[in-house]
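Below is one structure, written out as structure tokens, with a few remarks after it.
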Amino acid sequence: MAILEVDGLKVYFHTRNGIVKAVDDVSFSVDSGETLAIVGESGSGKSVTCYSLLDLLPKPPAKIEGGTALFNGKDLLTCNTAEMREHRCNDIAVIFQDPMTSLNPFLTIGEQLIEPLIYHPNMDQRQGRSAAREKAIALLDEVGIINPENRFDSYPHEFSGGMRQRVMIAMALITEPKLLICDEPTTALDVTIQAQILELIKQLQQTRNVAVIFISHDLGVVAGIADKVIVMCEGTIREAGDTDRVFYRTQDKYTKKLLDAIPEGPKTILNRSDVSDNLVEVSHLKTYFIDQTHVQGGTGDRFIKAVDDISLTIARGEILGLVGESGSGKSTLGRSILQLAPTTAGTVKFQGQTLTGLNPKQLVPWRKKMQMIFQDPYASLNPRMTVFETLSEPLLYHGVATSKNIGHQVRQLMDDVGLAQSQLRKYPHEFSGGQRQRIAIGRAIATKPDFIIADEPVSALDVTIQAQILDLILNLVERHNLTMMFISHDLSVVRYISDRVIIMNRGVIVEQGKTEAVWANPEASYTKNLLAAIPLADPEAERARINNR
Amino acid sequence: MIKFALGRLLQAIPVLLVVITATFFLVHSAPGGPFSADKAVPPEVIKALEAQYNLDQPVWQQYFNYLGDVVKGDFGPSFKYSGRTVNELIAAGLPTTAELAFYAMLIAVGIGVLAGVTASLRPNTMQDYVPMTAAMIGICMPSFLLGPLLVLVFGIYLDWLPISGWGDIPGDKILPSITLGTGYAAYIARLSRGGMLEVLSQDYIRTARAKGLSEPLIIIKHALRGGLIPVVAFLGPAFAGLLGGSFVVETIFQIPGLGRFYVQAAFNRDYTLILGMTVFFSTLIIVFNLLSDMLAIWLNPKLRQEIRGTK
């Protein structure tokens, strides 16, 4: 029997620039014990759909314009504040995306866990502090928090990302809800942690027989756990059906596009690197940071060894993939190679010239030859500079262009990265995420560098945009004869783009080799775990993989 | 925490030294002296007076003598209030000024936080515009205008409250406290509105709502703590500012506080009194800044633990 039936839901945002139809005529239903996945890219309306059920949208600007959402026969959209509080406390719980920002940093996790019980709107169901505490500790134990009695009084910042999400899950389950909404619960987590959390959600669902709505942008994550899938785009449902049907007998064009955009399989463009010519040579590089929490008399190391004795070479023309989970030191290694982070020991050679130890002035001519593309195109472009200013700045500074031919050169760059020349006078906020990353790439290739470090250049982008940007990067590397170090946490992306790969963990290299060789025969157990944790956009393979774990 | 506080107090020593040095040479380089008056005084008398107060010594020697005294906590004798030391004068005026500043602070925090939080709950509606417009007027209104205005309305036209004095007639403390506190209340209102708006848009507020907590509980328990940190950080400088900035209000309402001495000392070239008051206020500013920083740290569990980690 359907526990939730949504019919013709319409949620519009009334903004200064007119009405945005965030959710437009969406209908679906979920049964007890069933998992429904809602998949879509950013702005598809998947989160808005679910938040509107619990009245969690800011109103204004949001307004529910129509439809019904029957939970056990009662409409959630028309109930009053008191009734909604009852639903939130008894029936429906949410696991939010980012456990770092979704937990209150000022309160202990224990306090946050027991709140719905000790302040329950219904006096009969209200529990005492000690009873609630006992229940919370049992639940923390169940979701895999070690030593829950002691951890009860810890603050959110004292947990790792994965543990925080476990706390969040415990918090959602403490009221014994009948419907659990998971809003991208693993997007902010590393791939091995993601696998653990998905397993936990699946297992808890089976023991408690709750209905789950699982929101995700990642078809791979969805494939293994969903019974039914809804694909959303621009506020409407494009395709809905059983998971196998949607994945194997796809009907909708947009769903096909989404599935095709997932980077899969080995790199197709041939390796043209010249192994005899090492463009970059790093030997015994160390970058340590002073650990603020251990300044005086603390136990353990005084330093955080972000990069710990790393040696590597990058051949001219090669794309080297650098893979690691958060905190592995991969970004610090990239910055250290470009002399953007102060190194502690070791040397970095570029075209035979030792860069470590040069002063900022001496580095200037080398900066022109080494560029960087950053992860977040929202944060890394100056919001007060037009595209023209952003692109012309490095050209003029390094003397690549003169004030006479600057216009021509900048227009050339715009062509290179696939942006219309008419957009030169616009500011970054007027562009989409993908377009912004194109600007950032244009800025990086402006000085005609030999070497580019791309630090998670596609992580902030939707999957269809990600595919376009990856192809653009491959194309530019080929055309401009670039050498690249491509840093990413996403193994599929790295496999798609790189010739050789280095796996990093806790500041050291765990494994390295030709990409396909590492994929076929991973030697280190860490690499094996990483590869085994990649979710596949193939329901049968994914189920088999989960069962094998 | 103790180590943090000690460290900050050590940092204060060079700051105070700079303050003393700058003030000392500034007052000594100003034309005239404590004993130059309108009436002609025989030169021998002035000579005798200067000798009595060691003003005939070279300036650098006076400077080091003064430093030595300050270290011992002695601000020296006043040049104008003969027979009284600067320490005695400060001790005489401080209780009144501190009391005035305390009441003004209560008004500032009470009204300011209430107005700011109210405004933040419904941004860009009348509930926001009305208190914020009032706050803007409060910030723009100097106390030398607000004071007489209040006196005119409540003291003279309505005849509800006394118009001057301190502790003589019941109710005479109300108008000065309001006059002094209003500007700070306005500033605190704006700070708390900004802080609350920021916190209310955080993900963890949405989490609290999703858990089914009531709106008052969300605001009091989940939002206020983080939202008022900017206010807490401002309390220290505000309290020091209230103490030091009360002389206008004290003058308007004829209150025998510290401010009076400060202004007169400057006119009279009462070197030791100017210096003593300046050092005293500088120390207060440093101490209150430290206290409010410590409070802000204590309110944030993450910072609290980091500070503990360095202990």
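Please note that chains go A, B, ... in the order of the structure tokens, that every chain numbers its residues from 1, and that ligands are numbered from 1 in the order shown.
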
Residue set, segment 357-517 of chain A restricted to strand (DSSP E), as a ChimeraX atom specification:
/A:370-373,451-455,483-488,500-505,508-514

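Using only C-alpha atoms, the chain B residues found within 7 Å of chain A amount to Asp203, Tyr204, Arg206, Thr207, Ala210, Lys211, Gly212, Leu213, Asn300, Pro301, Lys302, Glu306, Gly309 and Thr310 of chain B.
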
Could the residues in this selection be saved with N, CA and C atoms as a PDB file, in the first residue's frame?
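Contents of selection-v8.pdb, as written:
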```pdb
ATOM      1  N   ASP B 203      21.995  25.551   7.194  1.00  0.00           N
ATOM      2  CA  ASP B 203      21.374  24.239   7.013  1.00  0.00           C
ATOM      3  C   ASP B 203      20.872  23.653   8.327  1.00  0.00           C
ATOM      4  N   TYR B 204      21.602  23.907   9.432  1.00  0.00           N
ATOM      5  CA  TYR B 204      21.211  23.236  10.672  1.00  0.00           C
ATOM      6  C   TYR B 204      19.916  23.782  11.253  1.00  0.00           C
ATOM      7  N   ARG B 206      17.376  24.392   9.224  1.00  0.00           N
ATOM      8  CA  ARG B 206      16.439  23.562   8.464  1.00  0.00           C
ATOM      9  C   ARG B 206      16.336  22.175   9.104  1.00  0.00           C
ATOM     10  N   THR B 207      17.479  21.649   9.536  1.00  0.00           N
ATOM     11  CA  THR B 207      17.472  20.342  10.211  1.00  0.00           C
ATOM     12  C   THR B 207      16.585  20.388  11.453  1.00  0.00           C
ATOM     13  N   ALA B 210      13.075  20.284  10.472  1.00  0.00           N
ATOM     14  CA  ALA B 210      12.692  18.957   9.980  1.00  0.00           C
ATOM     15  C   ALA B 210      12.481  17.979  11.124  1.00  0.00           C
ATOM     16  N   LYS B 211      13.119  18.261  12.274  1.00  0.00           N
ATOM     17  CA  LYS B 211      12.958  17.378  13.429  1.00  0.00           C
ATOM     18  C   LYS B 211      11.642  17.623  14.148  1.00  0.00           C
ATOM     19  N   GLY B 212      10.936  18.673  13.754  1.00  0.00           N
ATOM     20  CA  GLY B 212       9.644  18.937  14.368  1.00  0.00           C
ATOM     21  C   GLY B 212       9.722  19.801  15.609  1.00  0.00           C
ATOM     22  N   LEU B 213      10.821  20.522  15.801  1.00  0.00           N
ATOM     23  CA  LEU B 213      10.910  21.420  16.958  1.00  0.00           C
ATOM     24  C   LEU B 213      10.028  22.642  16.723  1.00  0.00           C
ATOM     25  N   ASN B 300      31.766  29.209  21.504  1.00  0.00           N
ATOM     26  CA  ASN B 300      31.978  28.368  20.331  1.00  0.00           C
ATOM     27  C   ASN B 300      32.781  27.129  20.726  1.00  0.00           C
ATOM     28  N   PRO B 301      32.118  25.958  20.739  1.00  0.00           N
ATOM     29  CA  PRO B 301      32.790  24.764  21.248  1.00  0.00           C
ATOM     30  C   PRO B 301      34.095  24.446  20.521  1.00  0.00           C
ATOM     31  N   LYS B 302      34.128  24.712  19.233  1.00  0.00           N
ATOM     32  CA  LYS B 302      35.330  24.363  18.472  1.00  0.00           C
ATOM     33  C   LYS B 302      36.518  25.220  18.929  1.00  0.00           C
ATOM     34  N   GLU B 306      40.075  24.298  20.880  1.00  0.00           N
ATOM     35  CA  GLU B 306      41.383  24.641  20.334  1.00  0.00           C
ATOM     36  C   GLU B 306      42.215  25.385  21.368  1.00  0.00           C
ATOM     37  N   GLY B 309      43.450  23.020  23.818  1.00  0.00           N
ATOM     38  CA  GLY B 309      44.524  22.203  23.265  1.00  0.00           C
ATOM     39  C   GLY B 309      45.891  22.834  23.440  1.00  0.00           C
ATOM     40  N   THR B 310      45.937  24.171  23.483  1.00  0.00           N
ATOM     41  CA  THR B 310      47.234  24.832  23.585  1.00  0.00           C
ATOM     42  C   THR B 310      47.666  24.983  25.032  1.00  0.00           C
TER      43      THR B 310
END
```

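Comparing B:Leu258, B:Tyr187, B:Glu44, B:Ile174 by their smallest distance to Thr278 of chain B, the closest is B:Leu258 (using only C-alpha atoms).
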
Atom CA of Leu396 of chain A to atom CA of Met372 of chain A, distance in Å rounded to a single decimal:
17.7 Å

Give me the residues within 12 Å of Pro34 of chain B as an NGL selection string, counting only C-alpha atoms and dropping any in the same chain fewer than 5 places off.
:B and (27-28 or 46 or 49-50 or 53 or 55 or 78-82 or 264-274)

Selection above as a file: C-alpha atoms, as a JSON list (two decimals), in the first residue's frame:
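The result, written out as again-v9.json:
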```
[["chain", "number", "residue", "atom", "x", "y", "z"],
["B", 27, "VAL", "CA", 50.54, 66.92, 26.63],
["B", 28, "HIS", "CA", 54.01, 68.19, 27.39],
["B", 46, "ILE", "CA", 55.67, 79.47, 39.28],
["B", 49, "LEU", "CA", 55.39, 75.31, 42.08],
["B", 50, "GLU", "CA", 57.29, 73.66, 39.22],
["B", 53, "TYR", "CA", 55.97, 68.97, 41.18],
["B", 55, "LEU", "CA", 58.45, 70.07, 36.46],
["B", 78, "SER", "CA", 46.82, 66.21, 40.52],
["B", 79, "PHE", "CA", 48.18, 69.64, 39.58],
["B", 80, "LYS", "CA", 44.87, 71.43, 39.85],
["B", 81, "TYR", "CA", 43.04, 69.66, 42.63],
["B", 82, "SER", "CA", 45.71, 70.43, 45.15],
["B", 264, "GLN", "CA", 38.59, 69.72, 32.82],
["B", 265, "ALA", "CA", 42.00, 68.09, 33.01],
["B", 266, "ALA", "CA", 42.54, 68.71, 29.32],
["B", 267, "PHE", "CA", 41.60, 72.40, 29.64],
["B", 268, "ASN", "CA", 43.74, 72.84, 32.72],
["B", 269, "ARG", "CA", 46.84, 71.05, 31.35],
["B", 270, "ASP", "CA", 46.63, 68.90, 34.43],
["B", 271, "TYR", "CA", 49.37, 66.61, 33.12],
["B", 272, "THR", "CA", 49.11, 63.84, 35.66],
["B", 273, "LEU", "CA", 45.31, 63.72, 35.57],
["B", 274, "ILE", "CA", 45.19, 63.54, 31.74]]
```
